[in-house]
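Novice: This one is work-v1.tsv, TSV, C-alpha atoms.
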chain	number	residue	atom	x	y	z
A	1	MET	CA	146.72	131.42	141.04
A	2	GLN	CA	144.73	130.43	138.00
A	3	PHE	CA	144.35	126.69	137.35
A	4	THR	CA	143.60	125.40	133.85
A	5	PRO	CA	142.80	121.70	133.43
A	6	THR	CA	144.55	119.88	130.58
A	7	ALA	CA	143.41	117.01	128.38
A	8	LEU	CA	145.03	114.63	130.91
A	9	GLU	CA	142.93	114.33	134.06
A	10	GLY	CA	144.67	115.73	137.13
A	11	ALA	CA	147.35	117.64	135.20
A	12	MET	CA	146.97	121.41	135.51
A	13	ILE	CA	148.55	124.49	134.04
A	14	VAL	CA	149.13	126.99	136.84
A	15	ASP	CA	149.34	130.67	135.98
A	16	LEU	CA	150.12	133.49	138.35
A	17	GLN	CA	147.41	135.91	139.39
A	18	ARG	CA	149.46	139.08	139.48
A	19	LEU	CA	148.87	142.06	141.73
A	20	GLU	CA	150.64	144.85	139.83
A	21	ASP	CA	151.70	148.36	140.71
A	22	GLU	CA	154.50	150.77	139.75
A	23	ARG	CA	157.09	148.51	141.44
A	24	GLY	CA	156.19	145.43	139.39
A	25	PHE	CA	153.96	142.66	140.68
A	26	PHE	CA	153.41	140.19	143.50
A	27	ALA	CA	151.90	136.73	143.01
A	28	ARG	CA	151.49	133.54	144.95
A	29	SER	CA	153.15	130.65	143.10
A	30	PHE	CA	152.12	127.90	145.52
A	31	CYS	CA	149.39	127.59	148.15
A	32	ARG	CA	148.81	124.27	149.85
A	33	GLN	CA	145.19	125.10	150.60
A	34	GLU	CA	144.35	125.98	146.98
A	35	PHE	CA	146.05	122.83	145.67
A	36	GLU	CA	144.22	120.62	148.18
A	37	GLN	CA	140.86	122.20	147.31
A	38	LEU	CA	141.44	121.02	143.73
A	39	GLY	CA	142.48	117.52	144.85
A	40	MET	CA	146.13	118.12	143.95
A	41	ASN	CA	148.80	116.57	146.20
A	42	SER	CA	150.54	119.45	147.96
A	43	ASP	CA	152.90	117.53	150.24
A	44	VAL	CA	156.14	119.14	149.07
A	45	VAL	CA	159.22	117.39	150.48
A	46	GLN	CA	161.89	118.50	147.98
A	47	ALA	CA	162.68	121.48	145.80
A	48	ASN	CA	164.99	120.73	142.88
A	49	VAL	CA	166.74	122.95	140.34
A	50	SER	CA	167.93	121.88	136.90
A	51	PHE	CA	170.30	124.22	135.06
A	52	ASN	CA	170.85	123.47	131.37
A	53	VAL	CA	173.66	125.10	129.41
A	54	ASN	CA	172.53	124.35	125.86
A	55	LYS	CA	169.38	124.73	123.78
A	56	GLY	CA	168.14	121.29	122.73
A	57	THR	CA	169.02	119.59	126.03
A	58	LEU	CA	166.52	116.87	126.87
A	59	ARG	CA	165.85	115.55	130.37
A	60	GLY	CA	163.41	112.70	130.91
A	61	MET	CA	161.05	110.95	130.64
A	62	HIS	CA	161.02	110.00	134.36
A	63	TYR	CA	158.48	108.85	136.94
A	64	GLN	CA	158.37	106.83	140.15
A	65	VAL	CA	156.11	103.89	141.03
A	66	ALA	CA	154.63	102.87	144.38
A	67	PRO	CA	155.51	103.05	147.14
A	68	ALA	CA	157.46	106.19	146.14
A	69	LEU	CA	154.91	108.02	144.00
A	70	GLU	CA	155.52	111.72	143.47
A	71	THR	CA	153.78	114.75	142.07
A	72	LYS	CA	155.67	117.74	140.69
A	73	LEU	CA	155.05	121.42	140.20
A	74	VAL	CA	157.46	122.49	137.44
A	75	ARG	CA	158.34	126.11	136.58
A	76	CYS	CA	161.01	127.48	134.24
A	77	THR	CA	162.70	130.37	136.07
A	78	ARG	CA	165.24	131.27	133.37
A	79	GLY	CA	165.05	130.71	129.62
A	80	ALA	CA	162.37	128.46	128.13
A	81	ILE	CA	161.45	124.79	127.87
A	82	VAL	CA	158.79	122.57	126.40
A	83	ASP	CA	157.55	120.34	129.21
A	84	VAL	CA	156.02	116.99	128.25
A	85	ILE	CA	154.04	114.64	130.47
A	86	VAL	CA	152.72	111.15	129.67
A	87	ASP	CA	149.85	109.52	131.56
A	88	MET	CA	151.15	106.15	132.81
A	89	ARG	CA	148.04	105.27	134.86
A	90	GLU	CA	146.92	101.95	133.31
A	91	SER	CA	143.29	102.48	134.39
A	92	SER	CA	143.10	105.99	132.88
A	93	PRO	CA	141.17	106.71	129.68
A	94	THR	CA	144.20	108.79	128.60
A	95	TYR	CA	146.77	106.05	129.34
A	96	ARG	CA	149.98	106.68	127.35
A	97	GLN	CA	148.68	109.98	125.96
A	98	HIS	CA	150.79	113.10	126.38
A	99	ILE	CA	150.63	116.87	126.38
A	100	ALA	CA	153.33	119.48	125.85
A	101	VAL	CA	153.33	122.91	127.52
A	102	GLU	CA	155.80	125.74	126.99
A	103	LEU	CA	157.13	127.05	130.29
A	104	SER	CA	159.37	130.10	130.30
A	105	ALA	CA	160.73	132.84	132.49
A	106	GLU	CA	158.65	135.21	130.38
A	107	ASN	CA	155.26	133.47	130.73
A	108	ARG	CA	155.92	132.40	134.37
A	109	ARG	CA	153.63	129.41	133.83
A	110	ALA	CA	153.91	126.18	135.83
A	111	LEU	CA	152.72	122.64	135.18
A	112	PHE	CA	151.34	120.36	137.89
A	113	VAL	CA	152.35	116.76	137.14
A	114	PRO	CA	150.24	114.13	138.92
A	115	ALA	CA	151.61	110.86	140.30
A	116	ASN	CA	152.17	108.11	137.71
A	117	PHE	CA	152.90	110.60	134.94
A	118	ALA	CA	156.23	110.42	133.14
A	119	HIS	CA	157.83	113.85	132.91
A	120	GLY	CA	160.53	115.35	130.74
A	121	PHE	CA	161.49	118.57	129.08
A	122	GLN	CA	163.60	120.04	126.31
A	123	THR	CA	165.31	123.41	126.52
A	124	LEU	CA	164.35	126.00	123.93
A	125	GLU	CA	167.11	128.44	124.92
A	126	ASP	CA	170.66	128.27	126.23
A	127	ASP	CA	171.08	128.69	130.00
A	128	SER	CA	167.58	127.54	130.93
A	129	GLU	CA	166.80	126.80	134.57
A	130	VAL	CA	163.90	124.74	135.88
A	131	MET	CA	162.56	124.53	139.45
A	132	TYR	CA	160.51	121.59	140.71
A	133	LEU	CA	158.51	121.22	143.89
A	134	VAL	CA	158.24	117.46	144.48
A	135	SER	CA	155.95	115.51	146.82
A	136	GLY	CA	158.15	112.42	147.15
A	137	TYR	CA	161.77	111.64	147.83
A	138	TYR	CA	163.89	110.34	144.98
A	139	THR	CA	163.92	106.55	145.33
A	140	PRO	CA	166.18	104.91	142.72
A	141	GLU	CA	164.58	101.46	143.00
A	142	CYS	CA	161.17	102.98	142.17
A	143	GLU	CA	162.38	105.08	139.25
A	144	ARG	CA	161.06	104.27	135.79
A	145	GLY	CA	161.45	105.98	132.45
A	146	LEU	CA	160.27	106.15	128.87
A	147	ARG	CA	162.38	106.58	125.78
A	148	TYR	CA	162.06	110.18	124.58
A	149	ASN	CA	161.71	109.06	120.93
A	150	ASP	CA	159.52	105.98	121.43
A	151	PRO	CA	157.36	105.61	118.28
A	152	ALA	CA	154.45	104.42	120.46
A	153	LEU	CA	154.37	107.87	122.10
A	154	ASN	CA	155.14	109.96	119.00
A	155	ILE	CA	156.30	112.98	121.00
A	156	GLN	CA	157.24	115.82	118.66
A	157	TRP	CA	160.16	117.62	120.28
A	158	PRO	CA	160.38	121.20	118.94
A	159	VAL	CA	164.14	121.31	118.26
A	160	PRO	CA	166.71	118.60	117.49
A	161	VAL	CA	167.89	116.79	120.62
A	162	GLN	CA	171.45	117.97	121.24
A	163	HIS	CA	172.30	116.76	124.74
A	164	MET	CA	170.93	114.09	127.08
A	165	SER	CA	172.21	111.63	129.65
A	166	ASP	CA	173.15	108.08	128.68
A	167	LYS	CA	170.50	106.82	131.11
A	168	ASP	CA	167.74	108.85	129.44
A	169	ALA	CA	168.83	107.70	125.97
A	170	GLN	CA	168.60	104.05	127.02
A	171	TRP	CA	165.18	103.79	128.64
A	172	PRO	CA	163.31	100.83	127.07
A	173	LEU	CA	160.69	101.22	124.36
A	174	LEU	CA	157.10	100.57	125.38
Once more with this new file: its structure as structure tokens, please.
Specialist:
Amino acid sequence: MQFTPTALEGAMIVDLQRLEDERGFFARSFCRQEFEQLGMNSDVVQANVSFNVNKGTLRGMHYQVAPALETKLVRCTRGAIVDVIVDMRESSPTYRQHIAVELSAENRRALFVPANFAHGFQTLEDDSEVMYLVSGYYTPECERGLRYNDPALNIQWPVPVQHMSDKDAQWPLL
């Protein structure tokens, strides 16, 4: 795997290091030892799949607080998304800053989302599927969220928002 740091400390873009031959390629998409060597939490306890019928679907912005912190490794396995993360660590120099990364079945890129980062994505194609490896169990009482269109964040979603849950539409403004 190839790890590329982002502007938000601890968040990494993870690209496959492909071993190719006439059959196609082989690549490792997760290795606990490599993640731990980079100080990335690798305690995966859940694997989640999100299938999204329509382009423009928005999911997020979600995170969990202590004692149920979680990290995520997010990969788009079908279609394409723009994945957005927001640093919610109050002591961080990048507090409330965000980055956006395109993840697609074609680029096979993943994004490592550290604990205390809000996470969400918008589909860029119909029938997009996203796979998450998560280090913590979903704990409803520890769940928090940000409004996707909060002016304080100024996230520029690439296509008009077409579909989202009522819960995601009603997260409070910062």
Novice: Kindly give the distance, in Å, that separates CA of Leu111 (chain A) and CA of Met88 (chain A), rounded to a single decimal.
Specialist: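 Computed distance, CA of Leu111 (chain A) to CA of Met88 (chain A), equals 16.7 Å.
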Novice: Give me the residues near region 50-67 of chain A as JSON, numbers by chain, where near means some atom within 8 Å (using all atoms listed in the file) and where sequence neighbours in that chain fewer than 4 positions away do not count.
Specialist: {"A": [85, 115, 116, 117, 118, 119, 120, 121, 122, 123, 124, 125, 126, 127, 128, 129, 130, 131, 139, 142, 143, 144, 145, 146, 147, 148, 159, 160, 161, 162, 163, 164, 165, 168]}
Novice: Taking into account all atoms listed in the file, which residue in the set A:Phe3, A:Ala152, A:Glu106, A:Ala100 is nearest to Gln37 (chain A)?
Specialist: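 Among the listed residues, the smallest separation from Gln37 (chain A) belongs to A:Phe3.
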Novice: Of the candidates A:Ile155, A:Ala11, A:Cys31, A:Ala169, which shows the shortest atom-to-atom distance to Val82 (chain A), using all atoms listed in the file?
Specialist: A:Ile155
Novice: Please, what distance in Å, to one decimal, runs between CA of Gln17 (chain A) and CA of Glu102 (chain A)?
Specialist: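 Separating CA of Gln17 (chain A) from CA of Glu102 (chain A) is a distance of 18.1 Å.
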Novice: With all atoms listed in the file as the basis for distance, which of A:Asp43, A:Glu20, A:Asp15, A:Asp150 is at the shortest distance from Glu70 (chain A)?
Specialist: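 Checking each candidate against Glu70 (chain A), we get A:Asp43 as the closest.
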Novice: Choose the residue, out of A:Val101, A:Met12, A:Val113, A:Val84, that has the smallest atom-to-atom separation from Asn154 (chain A); count all atoms listed in the file.
Specialist: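 Result for the nearest residue to Asn154 (chain A): A:Val84.
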Novice: Rounded to one decimal in Å, what is the spacing between CA of Ser42 (chain A) and CA of Tyr137 (chain A)?
Specialist: 13.7 Å
Novice: Which one of A:Glu9, A:Val14, A:Asn41, A:Val49 sits closest to Arg78 (chain A) if you count only C-alpha atoms?
Specialist: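 Checking each candidate against Arg78 (chain A), we get A:Val49 as the closest.
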Novice: Identify which of the residues A:Ala68, A:Ala80, A:Met40, A:Val74 lies closest to Pro5 (chain A), counting all atoms listed in the file when measuring atom-to-atom distances.
Specialist: A:Met40
Novice: Compile the contact shell of Lys72 (chain A) as an mmCIF file with C-alpha atoms, in the coordinates of the input: residues with an atom at most 6 Å away, counting all atoms listed in the file, same-chain residues fewer than 4 positions apart removed.
Specialist:
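This is the output file selection-v1.cif:
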data_model
loop_
_atom_site.group_PDB
_atom_site.id
_atom_site.type_symbol
_atom_site.label_atom_id
_atom_site.label_comp_id
_atom_site.auth_asym_id
_atom_site.auth_seq_id
_atom_site.Cartn_x
_atom_site.Cartn_y
_atom_site.Cartn_z
ATOM 1 C CA PHE A 112 151.340 120.360 137.890
ATOM 2 C CA VAL A 113 152.350 116.760 137.140
ATOM 3 C CA LEU A 133 158.510 121.220 143.890
ATOM 4 C CA VAL A 134 158.240 117.460 144.480
#
Novice: Generate the coordinates of N, CA and C atoms for region 45-60 of chain A; report them as a JSON list (two decimals), in the coordinates of the input.
Specialist:
[["chain", "number", "residue", "atom", "x", "y", "z"],
["A", 45, "VAL", "N", 158.13, 117.84, 149.62],
["A", 45, "VAL", "CA", 159.22, 117.39, 150.48],
["A", 45, "VAL", "C", 160.59, 117.74, 149.89],
["A", 46, "GLN", "N", 160.62, 118.13, 148.63],
["A", 46, "GLN", "CA", 161.89, 118.50, 147.98],
["A", 46, "GLN", "C", 161.64, 119.65, 147.02],
["A", 47, "ALA", "N", 162.66, 120.47, 146.86],
["A", 47, "ALA", "CA", 162.68, 121.48, 145.80],
["A", 47, "ALA", "C", 163.96, 121.27, 145.02],
["A", 48, "ASN", "N", 163.85, 121.05, 143.72],
["A", 48, "ASN", "CA", 164.99, 120.73, 142.88],
["A", 48, "ASN", "C", 165.18, 121.80, 141.81],
["A", 49, "VAL", "N", 166.42, 122.01, 141.41],
["A", 49, "VAL", "CA", 166.74, 122.95, 140.34],
["A", 49, "VAL", "C", 167.54, 122.21, 139.28],
["A", 50, "SER", "N", 167.19, 122.44, 138.03],
["A", 50, "SER", "CA", 167.93, 121.88, 136.90],
["A", 50, "SER", "C", 168.41, 123.04, 136.03],
["A", 51, "PHE", "N", 169.73, 123.20, 135.93],
["A", 51, "PHE", "CA", 170.30, 124.22, 135.06],
["A", 51, "PHE", "C", 170.82, 123.53, 133.81],
["A", 52, "ASN", "N", 170.53, 124.09, 132.65],
["A", 52, "ASN", "CA", 170.85, 123.47, 131.37],
["A", 52, "ASN", "C", 171.57, 124.47, 130.49],
["A", 53, "VAL", "N", 172.80, 124.17, 130.14],
["A", 53, "VAL", "CA", 173.66, 125.10, 129.41],
["A", 53, "VAL", "C", 173.18, 125.33, 127.98],
["A", 54, "ASN", "N", 172.78, 124.25, 127.29],
["A", 54, "ASN", "CA", 172.53, 124.35, 125.86],
["A", 54, "ASN", "C", 171.07, 124.17, 125.45],
["A", 55, "LYS", "N", 170.66, 124.94, 124.46],
["A", 55, "LYS", "CA", 169.38, 124.73, 123.78],
["A", 55, "LYS", "C", 169.39, 123.32, 123.20],
["A", 56, "GLY", "N", 168.25, 122.64, 123.27],
["A", 56, "GLY", "CA", 168.14, 121.29, 122.73],
["A", 56, "GLY", "C", 168.43, 120.21, 123.74],
["A", 57, "THR", "N", 168.79, 120.59, 124.98],
["A", 57, "THR", "CA", 169.02, 119.59, 126.03],
["A", 57, "THR", "C", 167.70, 118.93, 126.38],
["A", 58, "LEU", "N", 167.72, 117.62, 126.51],
["A", 58, "LEU", "CA", 166.52, 116.87, 126.87],
["A", 58, "LEU", "C", 166.76, 116.13, 128.17],
["A", 59, "ARG", "N", 165.82, 116.28, 129.10],
["A", 59, "ARG", "CA", 165.85, 115.55, 130.37],
["A", 59, "ARG", "C", 164.53, 114.80, 130.50],
["A", 60, "GLY", "N", 164.63, 113.48, 130.73],
["A", 60, "GLY", "CA", 163.41, 112.70, 130.91],
["A", 60, "GLY", "C", 163.36, 111.55, 129.93]]
